[in-house]
>>> print(open('run-v9.cif').read())   # mmCIF, C-alpha atoms
data_start
loop_
_atom_site.label_atom_id
_atom_site.label_comp_id
_atom_site.auth_asym_id
_atom_site.auth_seq_id
_atom_site.Cartn_x
_atom_site.Cartn_y
_atom_site.Cartn_z
CA MET A 1 30.82 -33.71 -3.09
CA VAL A 2 30.89 -36.04 -6.10
CA ALA A 3 34.00 -35.90 -8.25
CA VAL A 4 33.78 -35.21 -11.96
CA SER A 5 35.54 -37.84 -14.09
CA GLN A 6 38.29 -37.06 -16.57
CA GLN A 7 35.96 -38.32 -19.30
CA GLU A 8 33.30 -35.78 -18.27
CA VAL A 9 35.89 -32.97 -18.19
CA ALA A 10 37.09 -33.88 -21.71
CA HIS A 11 33.49 -34.09 -22.92
CA ARG A 12 32.71 -30.62 -21.53
CA ALA A 13 35.78 -29.11 -23.21
CA ALA A 14 34.72 -30.62 -26.54
CA SER A 15 31.14 -29.50 -25.96
CA ASP A 16 32.21 -25.92 -25.15
CA ALA A 17 34.14 -25.79 -28.46
CA GLU A 18 31.22 -26.99 -30.65
CA GLN A 19 30.11 -24.52 -33.30
CA ILE A 20 26.57 -23.54 -32.32
CA ALA A 21 24.03 -21.67 -34.44
CA TRP A 22 24.21 -18.00 -33.37
CA VAL A 23 20.99 -16.04 -33.92
CA ASP A 24 19.49 -12.64 -33.19
CA ASP A 25 16.46 -11.88 -31.04
CA ALA A 26 14.14 -12.76 -33.96
CA ASP A 27 15.86 -16.15 -34.55
CA ASN A 28 17.64 -15.03 -37.72
CA GLU A 29 20.96 -16.82 -38.24
CA LEU A 30 24.05 -14.66 -37.77
CA GLY A 31 26.64 -17.42 -38.06
CA ALA A 32 28.17 -19.87 -35.64
CA LEU A 33 30.24 -19.48 -32.49
CA PRO A 34 31.70 -21.85 -29.91
CA ARG A 35 29.12 -22.78 -27.27
CA ALA A 36 31.24 -21.30 -24.44
CA GLU A 37 31.59 -17.98 -26.27
CA LEU A 38 27.84 -17.69 -26.82
CA ARG A 39 27.27 -18.29 -23.11
CA GLU A 40 30.06 -15.98 -21.89
CA ARG A 41 29.06 -13.08 -24.17
CA GLY A 42 25.34 -13.45 -23.46
CA LEU A 43 24.55 -14.11 -27.11
CA ILE A 44 21.60 -16.12 -28.38
CA GLY A 45 21.83 -19.68 -29.66
CA ARG A 46 19.31 -22.27 -30.74
CA GLY A 47 18.26 -25.22 -28.62
CA THR A 48 15.95 -28.20 -28.78
CA PHE A 49 13.88 -29.94 -26.13
CA ILE A 50 12.55 -33.43 -26.72
CA LEU A 51 9.88 -34.66 -24.34
CA LEU A 52 10.17 -38.45 -24.39
CA PHE A 53 7.11 -40.41 -23.31
CA ASN A 54 6.54 -44.13 -23.01
CA SER A 55 3.32 -45.74 -24.30
CA ALA A 56 1.81 -45.41 -20.80
CA GLY A 57 2.11 -41.61 -21.10
CA GLU A 58 4.91 -41.29 -18.56
CA LEU A 59 7.63 -38.68 -19.13
CA CYS A 60 11.33 -39.52 -19.14
CA VAL A 61 13.11 -37.42 -16.51
CA HIS A 62 16.88 -37.55 -16.22
CA ARG A 63 19.59 -36.07 -14.02
CA ARG A 64 22.38 -34.10 -15.66
CA THR A 65 26.02 -34.84 -14.86
CA LEU A 66 27.94 -32.55 -12.54
CA SER A 67 30.24 -31.52 -15.39
CA LYS A 68 27.52 -29.67 -17.32
CA ALA A 69 28.28 -25.96 -17.80
CA ILE A 70 24.75 -24.91 -16.84
CA TYR A 71 22.40 -26.62 -14.41
CA PRO A 72 24.94 -29.28 -13.30
CA GLY A 73 23.29 -32.11 -11.38
CA TYR A 74 19.80 -30.74 -12.05
CA TRP A 75 16.88 -32.91 -13.09
CA ASP A 76 15.74 -32.41 -16.68
CA VAL A 77 12.33 -33.17 -18.18
CA ALA A 78 13.64 -33.14 -21.75
CA ALA A 79 16.50 -34.51 -23.75
CA GLY A 80 18.03 -31.88 -25.95
CA GLY A 81 20.78 -29.44 -26.53
CA MET A 82 22.17 -26.79 -28.76
CA VAL A 83 21.60 -26.70 -32.51
CA GLN A 84 24.92 -27.00 -34.30
CA GLN A 85 26.00 -24.96 -37.28
CA GLY A 86 24.16 -26.05 -40.45
CA GLU A 87 21.61 -28.14 -38.54
CA SER A 88 17.84 -27.67 -38.48
CA TYR A 89 15.89 -27.80 -35.24
CA ALA A 90 14.48 -31.21 -36.24
CA GLU A 91 17.92 -32.62 -37.13
CA SER A 92 19.27 -31.40 -33.79
CA ALA A 93 16.35 -32.93 -31.88
CA ALA A 94 16.85 -36.35 -33.49
CA ARG A 95 20.61 -36.24 -32.85
CA GLU A 96 20.23 -35.15 -29.22
CA LEU A 97 17.59 -37.77 -28.38
CA GLU A 98 19.83 -40.51 -29.72
CA GLU A 99 23.01 -39.15 -28.10
CA GLU A 100 21.60 -38.55 -24.62
CA LEU A 101 19.05 -41.34 -24.19
CA GLY A 102 19.91 -43.79 -26.98
CA ILE A 103 16.52 -43.46 -28.67
CA GLY A 104 16.77 -43.20 -32.44
CA GLY A 105 14.54 -43.66 -35.45
CA VAL A 106 11.34 -42.58 -33.69
CA PRO A 107 8.96 -40.00 -35.14
CA LEU A 108 9.32 -36.55 -33.59
CA THR A 109 6.33 -34.23 -33.34
CA ALA A 110 7.12 -30.50 -33.44
CA HIS A 111 5.34 -28.23 -30.98
CA GLU A 112 6.18 -24.79 -29.62
CA HIS A 113 8.93 -22.41 -30.77
CA PHE A 114 9.83 -19.84 -28.09
CA PHE A 115 12.53 -17.58 -26.68
CA PHE A 116 14.08 -18.43 -23.29
CA ASP A 117 16.15 -15.71 -21.64
CA GLN A 118 18.20 -16.12 -18.46
CA PRO A 119 21.75 -14.97 -17.77
CA GLY A 120 24.10 -17.50 -19.36
CA ASN A 121 21.24 -19.26 -21.17
CA ARG A 122 19.66 -17.28 -24.00
CA LEU A 123 17.97 -19.54 -26.53
CA TRP A 124 15.47 -19.77 -29.30
CA CYS A 125 13.92 -23.12 -28.48
CA ALA A 126 11.99 -25.74 -30.41
CA VAL A 127 9.96 -28.32 -28.51
CA PHE A 128 9.42 -31.84 -29.83
CA SER A 129 7.80 -34.94 -28.39
CA ALA A 130 8.36 -38.62 -29.07
CA VAL A 131 7.00 -41.92 -27.79
CA SER A 132 9.19 -44.97 -27.27
CA ASP A 133 9.28 -48.05 -25.09
CA ALA A 134 12.80 -48.97 -26.23
CA PRO A 135 15.38 -49.37 -23.46
CA LEU A 136 17.24 -46.18 -22.60
CA ARG A 137 20.98 -46.08 -23.30
CA LEU A 138 22.27 -43.13 -21.28
CA GLN A 139 25.26 -41.08 -22.43
CA PRO A 140 27.46 -41.23 -19.30
CA GLU A 141 29.13 -37.86 -19.97
CA GLU A 142 25.77 -36.08 -19.88
CA VAL A 143 23.22 -38.20 -17.99
CA LEU A 144 23.62 -39.68 -14.48
CA GLU A 145 20.28 -41.46 -14.28
CA ALA A 146 16.87 -41.50 -15.91
CA ARG A 147 13.40 -42.82 -15.24
CA PHE A 148 9.86 -42.53 -16.53
CA MET A 149 7.25 -40.98 -14.26
CA PRO A 150 3.78 -39.48 -14.52
CA ILE A 151 3.85 -35.87 -15.71
CA GLN A 152 2.17 -34.70 -12.51
CA ALA A 153 4.89 -36.38 -10.41
CA ALA A 154 7.60 -34.61 -12.42
CA LEU A 155 5.87 -31.24 -11.95
CA ALA A 156 5.51 -31.90 -8.21
CA ALA A 157 9.18 -32.91 -7.89
CA ALA A 158 10.18 -29.64 -9.56
CA ASP A 159 8.70 -27.79 -6.58
CA SER A 160 11.22 -29.31 -4.16
CA GLN A 161 14.25 -30.37 -6.25
CA PRO A 162 16.48 -28.53 -8.71
CA PHE A 163 15.03 -28.88 -12.22
CA CYS A 164 16.29 -27.14 -15.37
CA PRO A 165 14.11 -24.05 -15.80
CA ASP A 166 14.37 -24.04 -19.59
CA SER A 167 13.08 -27.58 -20.06
CA LEU A 168 10.37 -27.01 -17.43
CA ASP A 169 9.25 -24.01 -19.48
CA ALA A 170 9.21 -26.22 -22.59
CA LEU A 171 7.12 -28.86 -20.78
CA LYS A 172 4.61 -26.32 -19.46
CA ARG A 173 4.24 -24.77 -22.93
CA TYR A 174 3.71 -28.23 -24.40
CA LEU A 175 1.06 -29.01 -21.78
CA ARG A 176 -0.76 -25.71 -22.36
CA SER A 177 -0.96 -26.44 -26.09
CA THR A 178 -2.02 -30.10 -25.94
CA GLU A 179 -4.83 -32.22 -24.61
CA ALA A 180 -2.42 -33.68 -22.02
CA GLY A 181 -2.16 -30.31 -20.30
CA ARG A 182 -5.87 -29.90 -19.82
CA GLU A 183 -5.99 -32.73 -17.29
CA PHE A 184 -3.25 -31.04 -15.21
CA GLY A 185 -4.68 -27.54 -15.38
CA VAL A 186 -1.43 -26.18 -16.83
#
>>> encode(input="run-v9.cif", output="structure tokens")
Amino acid sequence: MVAVSQQEVAHRAASDAEQIAWVDDADNELGALPRAELRERGLIGRGTFILLFNSAGELCVHRRTLSKAIYPGYWDVAAGGMVQQGESYAESAARELEEELGIGGVPLTAHEHFFFDQPGNRLWCAVFSAVSDAPLRLQPEEVLEARFMPIQAALAAADSQPFCPDSLDALKRYLRSTEAGREFGV
């Protein structure tokens, strides 16, 4: 078993205390609550998923740290996270992409808006995409490793390895609504 660093533990505690946008089942704002409280009480928050592609059309896939509260150590097809109090979906997406992968100042394209509902992970989600060939700068408290791969390879890997179900849902919705998805039959 891999040990979790003190830095990761401190990051998780700070993350769990962040004030996250709390919404109802129609995505109407109700206020803000600490991330851990939303999760523990089964309440609904807002989240963003940013599908990062390089100019060759490959998708950035990264592995989450073991200190993450949900899906620790899982592979993730999207950067992203929870929308903080007073933040729009687009502001959150730009912040998360820069924090997790070190990619900032790139245009974000908005796609699907959907509800994801699993125990401990109830979210209104906004999906964005971006293209960048800039070097990745991984946030060590959240990302263990990352690489670009063809979309089909990422989908195939998800059949045999643990992948975050929420970001996979975001990717599949993106593919169904874009030209890229037609070539994969999604």
>>> closest_residue(input="run-v9.cif", among="A:Glu87, A:Glu58, A:Ile50, A:Val143", to="Ala32 of chain A", atoms="all atoms listed in the file")
A:Glu87
>>> atom_distance(input="run-v9.cif", atom1="atom CA of Ala78 of chain A", atom2="atom CA of Ala134 of chain A")
16.5 Å
>>> closest_residue(input="run-v9.cif", among="A:Leu43, A:Arg137, A:Pro72, A:Phe163", to="Asp24 of chain A", atoms="all atoms listed in the file")
A:Leu43
>>> atom_distance(input="run-v9.cif", atom1="atom CA of Ala170 of chain A", atom2="atom CA of Met149 of chain A")
17.1 Å
>>> atom_distance(input="run-v9.cif", atom1="atom CA of Asn28 of chain A", atom2="atom CA of Leu123 of chain A")
12.1 Å
>>> residues_around(input="run-v9.cif", residues="Tyr74 of chain A", least_positions_apart="4", cutoff="8 Å", atoms="all atoms listed in the file", output="PDB file with C-alpha atoms, in the frame of the given file")
ATOM      1  CA  ARG A  63      19.590 -36.070 -14.020  1.00  0.00           C
ATOM      2  CA  ARG A  64      22.380 -34.100 -15.660  1.00  0.00           C
ATOM      3  CA  THR A  65      26.020 -34.840 -14.860  1.00  0.00           C
ATOM      4  CA  PRO A 162      16.480 -28.530  -8.710  1.00  0.00           C
ATOM      5  CA  PHE A 163      15.030 -28.880 -12.220  1.00  0.00           C
ATOM      6  CA  CYS A 164      16.290 -27.140 -15.370  1.00  0.00           C
TER       7      CYS A 164
END
>>> closest_residue(input="run-v9.cif", among="A:Leu144, A:Leu33, A:Ala156, A:Leu168", to="Gln85 of chain A", atoms="only C-alpha atoms")
A:Leu33
>>> resolve_selection(input="run-v9.cif", expression="the PyMOL selection byres ((chain A and resi 99) around 10)", output="VMD selection string")
chain A and resid 79 to 80 93 to 98 100 to 104 137 to 139 142
>>> closest_residue(input="run-v9.cif", among="A:Val77, A:Val106, A:Ile44, A:Ala17", to="Leu30 of chain A", atoms="all atoms listed in the file")
A:Ile44
>>> build_atoms(input="run-v9.cif", residues="segment 26-49 of chain A", atoms="N, CA and C atoms", output="PDB file, keeping the file's coordinate frame")
ATOM      1  N   ALA A  26      15.271 -12.313 -33.137  1.00  0.00           N
ATOM      2  CA  ALA A  26      14.140 -12.760 -33.960  1.00  0.00           C
ATOM      3  C   ALA A  26      14.413 -14.140 -34.562  1.00  0.00           C
ATOM      4  N   ASP A  27      15.461 -14.819 -34.099  1.00  0.00           N
ATOM      5  CA  ASP A  27      15.860 -16.150 -34.550  1.00  0.00           C
ATOM      6  C   ASP A  27      16.373 -16.176 -35.983  1.00  0.00           C
ATOM      7  N   ASN A  28      16.968 -15.072 -36.427  1.00  0.00           N
ATOM      8  CA  ASN A  28      17.640 -15.030 -37.720  1.00  0.00           C
ATOM      9  C   ASN A  28      19.088 -15.438 -37.518  1.00  0.00           C
ATOM     10  N   GLU A  29      19.581 -16.340 -38.375  1.00  0.00           N
ATOM     11  CA  GLU A  29      20.960 -16.820 -38.240  1.00  0.00           C
ATOM     12  C   GLU A  29      21.958 -15.706 -38.503  1.00  0.00           C
ATOM     13  N   LEU A  30      22.957 -15.629 -37.625  1.00  0.00           N
ATOM     14  CA  LEU A  30      24.050 -14.660 -37.770  1.00  0.00           C
ATOM     15  C   LEU A  30      25.366 -15.351 -38.075  1.00  0.00           C
ATOM     16  N   GLY A  31      25.416 -16.658 -37.868  1.00  0.00           N
ATOM     17  CA  GLY A  31      26.640 -17.420 -38.060  1.00  0.00           C
ATOM     18  C   GLY A  31      26.723 -18.520 -37.040  1.00  0.00           C
ATOM     19  N   ALA A  32      27.954 -18.838 -36.650  1.00  0.00           N
ATOM     20  CA  ALA A  32      28.170 -19.870 -35.640  1.00  0.00           C
ATOM     21  C   ALA A  32      29.319 -19.437 -34.741  1.00  0.00           C
ATOM     22  N   LEU A  33      29.206 -19.792 -33.474  1.00  0.00           N
ATOM     23  CA  LEU A  33      30.240 -19.480 -32.490  1.00  0.00           C
ATOM     24  C   LEU A  33      30.395 -20.676 -31.556  1.00  0.00           C
ATOM     25  N   PRO A  34      31.559 -20.792 -30.910  1.00  0.00           N
ATOM     26  CA  PRO A  34      31.700 -21.850 -29.910  1.00  0.00           C
ATOM     27  C   PRO A  34      30.665 -21.672 -28.800  1.00  0.00           C
ATOM     28  N   ARG A  35      30.144 -22.789 -28.320  1.00  0.00           N
ATOM     29  CA  ARG A  35      29.120 -22.780 -27.270  1.00  0.00           C
ATOM     30  C   ARG A  35      29.544 -21.909 -26.084  1.00  0.00           C
ATOM     31  N   ALA A  36      30.777 -22.061 -25.616  1.00  0.00           N
ATOM     32  CA  ALA A  36      31.240 -21.300 -24.440  1.00  0.00           C
ATOM     33  C   ALA A  36      31.230 -19.807 -24.724  1.00  0.00           C
ATOM     34  N   GLU A  37      31.583 -19.405 -25.935  1.00  0.00           N
ATOM     35  CA  GLU A  37      31.590 -17.980 -26.270  1.00  0.00           C
ATOM     36  C   GLU A  37      30.182 -17.405 -26.290  1.00  0.00           C
ATOM     37  N   LEU A  38      29.240 -18.141 -26.842  1.00  0.00           N
ATOM     38  CA  LEU A  38      27.840 -17.690 -26.820  1.00  0.00           C
ATOM     39  C   LEU A  38      27.393 -17.420 -25.388  1.00  0.00           C
ATOM     40  N   ARG A  39      27.680 -18.380 -24.508  1.00  0.00           N
ATOM     41  CA  ARG A  39      27.270 -18.290 -23.110  1.00  0.00           C
ATOM     42  C   ARG A  39      27.966 -17.115 -22.418  1.00  0.00           C
ATOM     43  N   GLU A  40      29.275 -17.012 -22.576  1.00  0.00           N
ATOM     44  CA  GLU A  40      30.060 -15.980 -21.890  1.00  0.00           C
ATOM     45  C   GLU A  40      29.696 -14.570 -22.358  1.00  0.00           C
ATOM     46  N   ARG A  41      29.380 -14.410 -23.632  1.00  0.00           N
ATOM     47  CA  ARG A  41      29.060 -13.080 -24.170  1.00  0.00           C
ATOM     48  C   ARG A  41      27.573 -12.751 -24.084  1.00  0.00           C
ATOM     49  N   GLY A  42      26.772 -13.689 -23.587  1.00  0.00           N
ATOM     50  CA  GLY A  42      25.340 -13.450 -23.460  1.00  0.00           C
ATOM     51  C   GLY A  42      24.620 -13.387 -24.787  1.00  0.00           C
ATOM     52  N   LEU A  43      25.160 -14.085 -25.787  1.00  0.00           N
ATOM     53  CA  LEU A  43      24.550 -14.110 -27.110  1.00  0.00           C
ATOM     54  C   LEU A  43      23.492 -15.199 -27.178  1.00  0.00           C
ATOM     55  N   ILE A  44      22.738 -15.209 -28.241  1.00  0.00           N
ATOM     56  CA  ILE A  44      21.600 -16.120 -28.380  1.00  0.00           C
ATOM     57  C   ILE A  44      21.961 -17.281 -29.307  1.00  0.00           C
ATOM     58  N   GLY A  45      21.657 -18.480 -28.857  1.00  0.00           N
ATOM     59  CA  GLY A  45      21.830 -19.680 -29.660  1.00  0.00           C
ATOM     60  C   GLY A  45      20.478 -20.327 -29.908  1.00  0.00           C
ATOM     61  N   ARG A  46      20.522 -21.483 -30.522  1.00  0.00           N
ATOM     62  CA  ARG A  46      19.310 -22.270 -30.740  1.00  0.00           C
ATOM     63  C   ARG A  46      19.414 -23.563 -29.946  1.00  0.00           C
ATOM     64  N   GLY A  47      18.283 -23.982 -29.392  1.00  0.00           N
ATOM     65  CA  GLY A  47      18.260 -25.220 -28.620  1.00  0.00           C
ATOM     66  C   GLY A  47      17.014 -26.027 -28.913  1.00  0.00           C
ATOM     67  N   THR A  48      17.099 -27.310 -28.609  1.00  0.00           N
ATOM     68  CA  THR A  48      15.950 -28.200 -28.780  1.00  0.00           C
ATOM     69  C   THR A  48      15.630 -28.885 -27.457  1.00  0.00           C
ATOM     70  N   PHE A  49      14.365 -29.184 -27.282  1.00  0.00           N
ATOM     71  CA  PHE A  49      13.880 -29.940 -26.130  1.00  0.00           C
ATOM     72  C   PHE A  49      12.994 -31.057 -26.654  1.00  0.00           C
TER      73      PHE A  49
END
